[in-house]
Amino acid sequence: MKAPTEAAGDRWNPQGSDAMKWLLVFALLGNGVQTAVQSDIAASVFSATSKTLILRWTRYSGASSYKVTVTPRNTPNNPAAFAQFGANIVMGSVKSLSPNTLYDIDIEALDSSQATLSSDALQWRTAPEAMDPIETAKPKDSTTLIVEFGETTGATEYIVRVQNTAGYFRESTVLSSPARVQSLEQYTDYSLSIIAVNNGGRSQPSPSTAAKTALPPPQLTASSPTNDSIVVSWELVDHAVHYSLVIHRLGSDNGATLNTTDTSMTVSGLEAGSLYVIRGYAWDPEGRRGEGSSYINQTTRPPTPASLTASVAPGDGSAELLVSWDLGQEVHGTTEYFVTSDANLQCNSTSGGCSLSPVACGETHTIQVTAWNEAGPSLPSNPLVFVTFPCPPESLAAVETDAGNCTLAWNAVPHADKYAGFIKRGDGGEVVCNTTGDSCNYTCQCGHTYLMSVYALNQAGSSPPGRVLNYTTLPCCPEDVSISLVTPDTMEIAWTAARGAELYETRAADRSEVILCNDTAPVCALSDLRCNSLYTVLVTPCNDVRGCNRHCHPHTKETAPCMPTDLTVNRKNTTTCITVSWTADNRAANYTVTARGGGGVYTCTTADSSCDLSGLSCGSIYEVSSIARSPAGLSLPSYSVSWETAPCCPVNLTVDQVTQAMSNVTWSHARGAESFITSLTSSRGHARCHAQDSHCLMGCITCGTNYTVSMEAFSRSGVRSNCTYQGFSSSACCPWGIKLHRMANDSLRVYWRAPAGHHNYTAEMVGSSANYTCTPPPGENRCDVSNVQCGGVYHVVVAPLTRHGGKVEFCHERLYSVTCSGSGVGMVIYRGKRSVD
């Protein structure tokens with residue numbers, strides 16, 4: 001342990017410019033402490049090295065000196081050093097400590113008797129020990145050095161100090177060895193040292209080591225002047241004495257390294273259409289290789305297309321020349337091929353072929369193909385001379401040498417090796433003639449249209465279609481001629497289409513007229529012919545080239561009989577039987593009369609001029625007509641005549657009595673009837689009503705009388721039918737003079753007056769709480785009602801009974817009040833009646 005005075009004597013010994021800096025720091029700190037007012041002393045570490053700690057503390061009022069004691073943490077009873085400072089000192093150093101050691105530090109403020117006034121304690125570790133020089137320093141590239149050094153115990157990181165003779169200075173923090181120092185100048189000498197750092201501070205720099213960065217990379221550019229060479233060039237690199245190029249083909253493991261002192265190099269003997277990867281280096285005078293350039297890619301020009309072939313193919317509206325070639329070896333990337341012809345045609349493709357268009361007949365083309373890729377064009381291929389197909393022959397002519405034999409002739413054309421003649425009949429038959437001459441013989445027949453063409457051929461193919469010669473022979477007569485009547489005055493003539501016919505002339509003639517029809521179809525209709533006449537029919541075929549064939553045979557056909565006229569209808573003996581008569585002038589015909597209406601269809605047939613129709617339906621309107629029939633066909637029907645039969649009688653008719661003097665008559669529907677007159681007739685009088693509906697109300701009916709029922713039904717036009725029905729009997733007359741009398745034992749007697757005769761009657765008393773009924777024997781006009789409740793109002797009705805025992809409902813009633821006398825019936829008081837008596 002050092003003596004206090006010794007420590008005090010060593011506590012400050014400034015040297016050089018660094019000492020002046022420390023003095024300035026102490027002066028500033030001292031001035032600051034003098035003005036501070038604190039109650040306790042506070043200490044801190046200002047800086048630390050591997051063997052020295054520089055401490056500072058706050059001034060304590062009344063202190064005459066300050067004492068610093070430093071003790072290693074691992075030997076607490078053995079202080080390593082202490083020092084004592086004057087009253088005006090607030091910073092001091094303790095030296096001769098051990099590197100990378102943790103120390104306990106105590107600072108005390110002492111009075112003049114060395115008694116402690118205030119104290120503070122802290123811990124601090126000294127910096128690592130100074131390191132050995134950097135072991136190696138070598139360039140990684142032109143701006144980066146790789147340094148290797150021996151790591152020291154206790155260091156948490158390292159500082160690489162770099163400087164050069166030009167005043168450049170920089171410190172870079174690294175964590176371990178080897179370390180990378182970047183962003184340096186290219187091809188520059190540097191001095192490097194290493195400093196160890198822990199949480200206590202930094203060690204002293206190691207002795208320096210010299211190192212130099214590498215040359216910068218050359219900036220390469222490349223091109224391919226031919227399909228087997230690449231030219232690489234670059235700018236001059238300062239201080240470089242020569243250059244190296246490394247080149248290899250993509251996909252190949254083999255490469256080549258080439259050296260030169262120039263700034264460009266031509267690499268030959270390469271594969272066409274291949275991608276090469278190139279990198280360059282510069283070498284300095286010390287024999288060190290500089291930083292490598294970036295890799296560049298360069299493709300050689302594609303190989304020259306070979307094995308050209310050409311052929312002709314039909315295109316879109318014109319012919320095309322298909323050119324193909326051998327792609328040869330596999331190449332890198334996209335290669336486009338450009339095809340040119342000396343006829344100013346060109347096309348391009350990325351495959352082994354493309355089309356030149358349009359091309360015409362009789363042309364000669366000299367063709368070359370050039371391949372292009374990103375490096376540029378290949379050498380053009382060897383030229384291919386190609387002659388296109390010949391042009392079609394002209395001046396076609398057909399000559400009929402004799403019946404059934406014809407000759408087709410034409411003019412010869414250049415570049416033709418042979419000819420093909422095509423003679424096609426209109427029915428589809430075809431003759432092909434192959435020759436090296438300029439004519440063909442063929443068999444020709446009447447009634448045909450011949451289409452003739454000639455093609456010239458050579459190795460490139462056939463000529464395009466030329467002129468088509470159309471030759472037509474005289475048309476043949478129609479066969480299978482059929483004549484039919486479609487209407488009585490219209491004749492339809494049909495036949496099988498004749499060879500060579502474009503138009504048909506149809507002629508029909510009788511003794512007094514001629515009718516013509518011209519049409520292109522094998523059918524014709526001749527209208528407005530005479531009825532009951534014999535016609536001669538002739539069908540003549542024609543065409544525009546050869547005219548009409550007038551040697552065909554005629555046919556005959558008779559028209560239908562004439563229409564009956566002046567049709568009349570008369571009623572014969574009943575309403576459902578008629579006689580029909582007419583006028584007709586036909587040689588031999590039967591006549592059919594038809595009546596059609598709502599009741600059905602009725603016919604009769606005769607060879608005379610009249611016939612009878614019977615069994616017609618009532619209430620129907622018939623259209624009556626007559627038609628003539630002969631072997632030639634049917635005439636037109638005569639004009640129809642309308643005939644109306646008498647209306648039908650209603651099937652059901654019912655008479656219902658509504659009141660004593662009035663009845664309601666109803667009946668069912670009657671076909672053809674529009675209005676009705678209904679009559680009820682008796683010896684005591686009659687009633688009648690006229691209605692359009694199916695019912696009517698009749699008055700003036702006498703009660704108790706038998707009536708005869710009849711009806712007249714009328715059609716809309718007034719045709720009448722008489723109808724009779726079962727008789728009707730009116731009901732017995734209603735009684736009158738009805739009275740009500742009180743009897744003994746709570747009984748009431750009902751009296752009335754009635755016509756003479758044995759009629760059955762019934763009497764009813766209807767009250768609010770009780771109803772009573774009594775029926776006397778036939779012929780009696782009174783009856784008794786027993787056990788009648790008093791104190792009520794009763795409706796009293798007396799009515800005759802029908803034959804079936806039912807009560808007549810239309811008789812009037814009287815109103816009576818029945819009073820009480822004690823518990824029995826008292827007075828009977830008449831209150832009135834509901835209808836006129």
# chains A, B, ... in the order shown; residues from 1 in each chain; ligands from 1
$ residues_around --residues "segment 64-72 of chain A" --least-positions-apart "2" --cutoff "7 Å" --atoms "only C-alpha atoms" --output "JSON, numbers by chain"
{"A": [62, 74, 75, 76, 78, 79, 80, 81, 82, 83, 84, 85, 86, 87, 102, 103, 104, 105, 106, 107, 108, 109, 110, 111, 112]}
$ residues_around --residues "segment 792-806 of chain A" --least-positions-apart "5" --cutoff "8 Å" --atoms "only C-alpha atoms" --output "ChimeraX atom specification"
/A:731-735,738,752,759-769,811-819
$ residues_around --residues "segment 140-144 of chain A" --least-positions-apart "3" --cutoff "6 Å" --atoms "only C-alpha atoms" --output "PDB file with N, CA, C and O atoms, in the first residue's frame"
ATOM      1  N   VAL A 181     -14.143  -4.348 -40.689  1.00  0.00           N
ATOM      2  CA  VAL A 181     -14.051  -2.892 -40.667  1.00  0.00           C
ATOM      3  C   VAL A 181     -14.425  -2.410 -42.054  1.00  0.00           C
ATOM      4  O   VAL A 181     -13.713  -2.698 -43.035  1.00  0.00           O
ATOM      5  N   GLN A 182     -15.540  -1.687 -42.137  1.00  0.00           N
ATOM      6  CA  GLN A 182     -16.099  -1.337 -43.432  1.00  0.00           C
ATOM      7  C   GLN A 182     -15.992   0.154 -43.694  1.00  0.00           C
ATOM      8  O   GLN A 182     -15.537   0.924 -42.850  1.00  0.00           O
ATOM      9  N   SER A 183     -16.425   0.531 -44.937  1.00  0.00           N
ATOM     10  CA  SER A 183     -16.508   1.936 -45.376  1.00  0.00           C
ATOM     11  C   SER A 183     -15.151   2.614 -45.369  1.00  0.00           C
ATOM     12  O   SER A 183     -15.019   3.788 -44.981  1.00  0.00           O
ATOM     13  N   LEU A 184     -14.132   1.898 -45.808  1.00  0.00           N
ATOM     14  CA  LEU A 184     -12.787   2.462 -45.923  1.00  0.00           C
ATOM     15  C   LEU A 184     -12.541   2.929 -47.348  1.00  0.00           C
ATOM     16  O   LEU A 184     -13.337   2.655 -48.255  1.00  0.00           O
ATOM     17  N   GLU A 185     -11.462   3.639 -47.534  1.00  0.00           N
ATOM     18  CA  GLU A 185     -11.075   4.091 -48.867  1.00  0.00           C
ATOM     19  C   GLU A 185     -10.445   2.933 -49.633  1.00  0.00           C
ATOM     20  O   GLU A 185      -9.800   2.057 -49.054  1.00  0.00           O
ATOM     21  N   GLN A 186     -10.654   2.941 -50.967  1.00  0.00           N
ATOM     22  CA  GLN A 186     -10.112   1.876 -51.811  1.00  0.00           C
ATOM     23  C   GLN A 186      -8.594   2.037 -51.950  1.00  0.00           C
ATOM     24  O   GLN A 186      -8.055   3.135 -52.068  1.00  0.00           O
ATOM     25  N   THR A 213      -6.241  -1.743 -48.054  1.00  0.00           N
ATOM     26  CA  THR A 213      -7.441  -2.229 -48.751  1.00  0.00           C
ATOM     27  C   THR A 213      -7.090  -2.609 -50.188  1.00  0.00           C
ATOM     28  O   THR A 213      -6.043  -2.224 -50.707  1.00  0.00           O
ATOM     29  N   ALA A 214      -8.022  -3.390 -50.807  1.00  0.00           N
ATOM     30  CA  ALA A 214      -7.759  -3.921 -52.152  1.00  0.00           C
ATOM     31  C   ALA A 214      -8.176  -2.922 -53.218  1.00  0.00           C
ATOM     32  O   ALA A 214      -8.837  -1.909 -52.950  1.00  0.00           O
ATOM     33  N   LEU A 215      -7.772  -3.263 -54.474  1.00  0.00           N
ATOM     34  CA  LEU A 215      -8.192  -2.461 -55.618  1.00  0.00           C
ATOM     35  C   LEU A 215      -9.704  -2.586 -55.822  1.00  0.00           C
ATOM     36  O   LEU A 215     -10.305  -3.618 -55.529  1.00  0.00           O
ATOM     37  N   PRO A 216     -10.348  -1.539 -56.334  1.00  0.00           N
ATOM     38  CA  PRO A 216     -11.798  -1.630 -56.610  1.00  0.00           C
ATOM     39  C   PRO A 216     -12.068  -2.581 -57.778  1.00  0.00           C
ATOM     40  O   PRO A 216     -11.167  -2.866 -58.578  1.00  0.00           O
ATOM     41  N   GLU A 291     -10.887  -6.460 -55.497  1.00  0.00           N
ATOM     42  CA  GLU A 291     -12.277  -6.866 -55.296  1.00  0.00           C
ATOM     43  C   GLU A 291     -12.883  -7.337 -56.623  1.00  0.00           C
ATOM     44  O   GLU A 291     -12.678  -6.714 -57.677  1.00  0.00           O
TER      45      GLU A 291
END
$ residues_around --residues "Ala744 of chain A" --least-positions-apart "5" --cutoff "12 Å" --atoms "only C-alpha atoms" --output "ChimeraX atom specification"
/A:749,784-788,824-826
$ write_last_selection --atoms "C-alpha atoms" --output "PDB file, in the first residue's frame"
ATOM      1  CA  ARG A 749    -164.892 -23.481 -31.981  1.00  0.00           C
ATOM      2  CA  ASP A 784    -163.180 -27.494 -32.010  1.00  0.00           C
ATOM      3  CA  VAL A 785    -159.874 -26.722 -30.332  1.00  0.00           C
ATOM      4  CA  SER A 786    -159.474 -27.902 -26.703  1.00  0.00           C
ATOM      5  CA  ASN A 787    -157.364 -26.748 -23.752  1.00  0.00           C
ATOM      6  CA  VAL A 788    -156.621 -23.358 -25.230  1.00  0.00           C
ATOM      7  CA  GLY A 824    -159.799 -20.270 -17.857  1.00  0.00           C
ATOM      8  CA  VAL A 825    -160.671 -18.810 -21.242  1.00  0.00           C
ATOM      9  CA  GLY A 826    -162.577 -15.559 -21.104  1.00  0.00           C
TER      10      GLY A 826
END
$ atom_distance --atom1 "atom CA of Gly328 of chain A" --atom2 "atom CA of Val369 of chain A"
13.8 Å
$ residues_around --residues "segment 600-614 of chain A" --least-positions-apart "2" --cutoff "9 Å" --atoms "only C-alpha atoms" --output "PyMOL selection string"
chain A and resi 564+572+574+576-584+588-598+616-617+622
$ residues_around --residues "Pro217 of chain A" --least-positions-apart "4" --cutoff "10 Å" --atoms "only C-alpha atoms" --output "PDB file with N, CA, C and O atoms, in the first residue's frame"
ATOM      1  N   ASP A 141     -12.601  -6.682 -49.370  1.00  0.00           N
ATOM      2  CA  ASP A 141     -12.854  -6.075 -50.672  1.00  0.00           C
ATOM      3  C   ASP A 141     -12.177  -4.718 -50.645  1.00  0.00           C
ATOM      4  O   ASP A 141     -11.379  -4.419 -49.742  1.00  0.00           O
ATOM      5  N   SER A 142     -12.516  -3.866 -51.586  1.00  0.00           N
ATOM      6  CA  SER A 142     -11.782  -2.608 -51.716  1.00  0.00           C
ATOM      7  C   SER A 142     -12.126  -1.612 -50.616  1.00  0.00           C
ATOM      8  O   SER A 142     -11.415  -0.614 -50.459  1.00  0.00           O
ATOM      9  N   GLN A 186     -10.654   2.941 -50.967  1.00  0.00           N
ATOM     10  CA  GLN A 186     -10.112   1.876 -51.811  1.00  0.00           C
ATOM     11  C   GLN A 186      -8.594   2.037 -51.950  1.00  0.00           C
ATOM     12  O   GLN A 186      -8.055   3.135 -52.068  1.00  0.00           O
ATOM     13  N   TRP A 234     -13.900  -2.745 -69.999  1.00  0.00           N
ATOM     14  CA  TRP A 234     -14.046  -2.063 -68.712  1.00  0.00           C
ATOM     15  C   TRP A 234     -13.174  -0.823 -68.698  1.00  0.00           C
ATOM     16  O   TRP A 234     -12.285  -0.653 -69.550  1.00  0.00           O
ATOM     17  N   VAL A 237      -8.559   0.697 -64.116  1.00  0.00           N
ATOM     18  CA  VAL A 237      -8.546   0.751 -62.663  1.00  0.00           C
ATOM     19  C   VAL A 237      -7.175   1.272 -62.220  1.00  0.00           C
ATOM     20  O   VAL A 237      -6.130   0.693 -62.599  1.00  0.00           O
ATOM     21  N   ARG A 279     -17.067 -12.613 -64.552  1.00  0.00           N
ATOM     22  CA  ARG A 279     -16.645 -11.770 -63.440  1.00  0.00           C
ATOM     23  C   ARG A 279     -15.192 -11.363 -63.662  1.00  0.00           C
ATOM     24  O   ARG A 279     -14.402 -12.152 -64.192  1.00  0.00           O
ATOM     25  N   GLY A 280     -14.808 -10.122 -63.204  1.00  0.00           N
ATOM     26  CA  GLY A 280     -13.448  -9.628 -63.427  1.00  0.00           C
ATOM     27  C   GLY A 280     -12.779  -9.155 -62.145  1.00  0.00           C
ATOM     28  O   GLY A 280     -13.462  -8.784 -61.177  1.00  0.00           O
ATOM     29  N   TYR A 281     -11.439  -9.194 -62.160  1.00  0.00           N
ATOM     30  CA  TYR A 281     -10.618  -8.740 -61.030  1.00  0.00           C
ATOM     31  C   TYR A 281      -9.475  -7.894 -61.564  1.00  0.00           C
ATOM     32  O   TYR A 281      -8.960  -8.122 -62.676  1.00  0.00           O
ATOM     33  N   ALA A 282      -9.026  -6.906 -60.730  1.00  0.00           N
ATOM     34  CA  ALA A 282      -7.801  -6.146 -61.018  1.00  0.00           C
ATOM     35  C   ALA A 282      -6.706  -6.591 -60.036  1.00  0.00           C
ATOM     36  O   ALA A 282      -7.014  -6.905 -58.875  1.00  0.00           O
ATOM     37  N   TRP A 283      -5.466  -6.617 -60.486  1.00  0.00           N
ATOM     38  CA  TRP A 283      -4.322  -7.021 -59.644  1.00  0.00           C
ATOM     39  C   TRP A 283      -3.414  -5.808 -59.419  1.00  0.00           C
ATOM     40  O   TRP A 283      -3.129  -5.051 -60.356  1.00  0.00           O
ATOM     41  N   ARG A 289      -4.944  -9.689 -55.520  1.00  0.00           N
ATOM     42  CA  ARG A 289      -6.149  -9.598 -56.361  1.00  0.00           C
ATOM     43  C   ARG A 289      -7.135  -8.631 -55.728  1.00  0.00           C
ATOM     44  O   ARG A 289      -7.406  -8.692 -54.520  1.00  0.00           O
ATOM     45  N   GLY A 290      -7.662  -7.730 -56.528  1.00  0.00           N
ATOM     46  CA  GLY A 290      -8.613  -6.749 -56.036  1.00  0.00           C
ATOM     47  C   GLY A 290     -10.016  -7.334 -55.873  1.00  0.00           C
ATOM     48  O   GLY A 290     -10.261  -8.532 -56.053  1.00  0.00           O
ATOM     49  N   GLU A 291     -10.887  -6.460 -55.497  1.00  0.00           N
ATOM     50  CA  GLU A 291     -12.277  -6.866 -55.296  1.00  0.00           C
ATOM     51  C   GLU A 291     -12.883  -7.337 -56.623  1.00  0.00           C
ATOM     52  O   GLU A 291     -12.678  -6.714 -57.677  1.00  0.00           O
ATOM     53  N   GLY A 292     -13.651  -8.445 -56.555  1.00  0.00           N
ATOM     54  CA  GLY A 292     -14.289  -8.965 -57.758  1.00  0.00           C
ATOM     55  C   GLY A 292     -15.461  -8.109 -58.202  1.00  0.00           C
ATOM     56  O   GLY A 292     -16.206  -7.551 -57.392  1.00  0.00           O
ATOM     57  N   SER A 293     -15.638  -8.000 -59.510  1.00  0.00           N
ATOM     58  CA  SER A 293     -16.758  -7.218 -60.050  1.00  0.00           C
ATOM     59  C   SER A 293     -18.075  -7.973 -59.831  1.00  0.00           C
ATOM     60  O   SER A 293     -18.095  -9.145 -59.461  1.00  0.00           O
ATOM     61  N   SER A 294     -19.154  -7.288 -60.067  1.00  0.00           N
ATOM     62  CA  SER A 294     -20.457  -7.961 -60.071  1.00  0.00           C
ATOM     63  C   SER A 294     -20.514  -8.929 -61.245  1.00  0.00           C
ATOM     64  O   SER A 294     -19.902  -8.698 -62.300  1.00  0.00           O
TER      65      SER A 294
END
$ residues_around --residues "Phe422 of chain A" --least-positions-apart "4" --cutoff "6 Å" --atoms "only C-alpha atoms" --output "compact mmCIF listing (two decimals) with N, CA and C atoms, in the first residue's frame"
# COMPACT_ATOMS: atom_id res chain seq x y z
N VAL A 431 -65.70 -36.79 -114.38
CA VAL A 431 -64.64 -37.42 -115.15
C VAL A 431 -63.37 -36.61 -114.92
N VAL A 432 -62.26 -37.30 -114.61
CA VAL A 432 -60.96 -36.64 -114.40
C VAL A 432 -60.03 -37.07 -115.51
N MET A 452 -66.70 -27.53 -116.31
CA MET A 452 -65.38 -28.03 -116.69
C MET A 452 -64.31 -27.04 -116.24
N SER A 453 -63.27 -27.57 -115.61
CA SER A 453 -62.13 -26.75 -115.18
C SER A 453 -60.86 -27.54 -115.35
$ closest_residue --among "A:Gln459, A:Thr156, A:Gln789, A:Ser730" --to "Thr659 of chain A" --atoms "only C-alpha atoms"
A:Ser730
$ atom_distance --atom1 "atom CA of Pro541 of chain A" --atom2 "atom CA of Gly428 of chain A"
20.8 Å
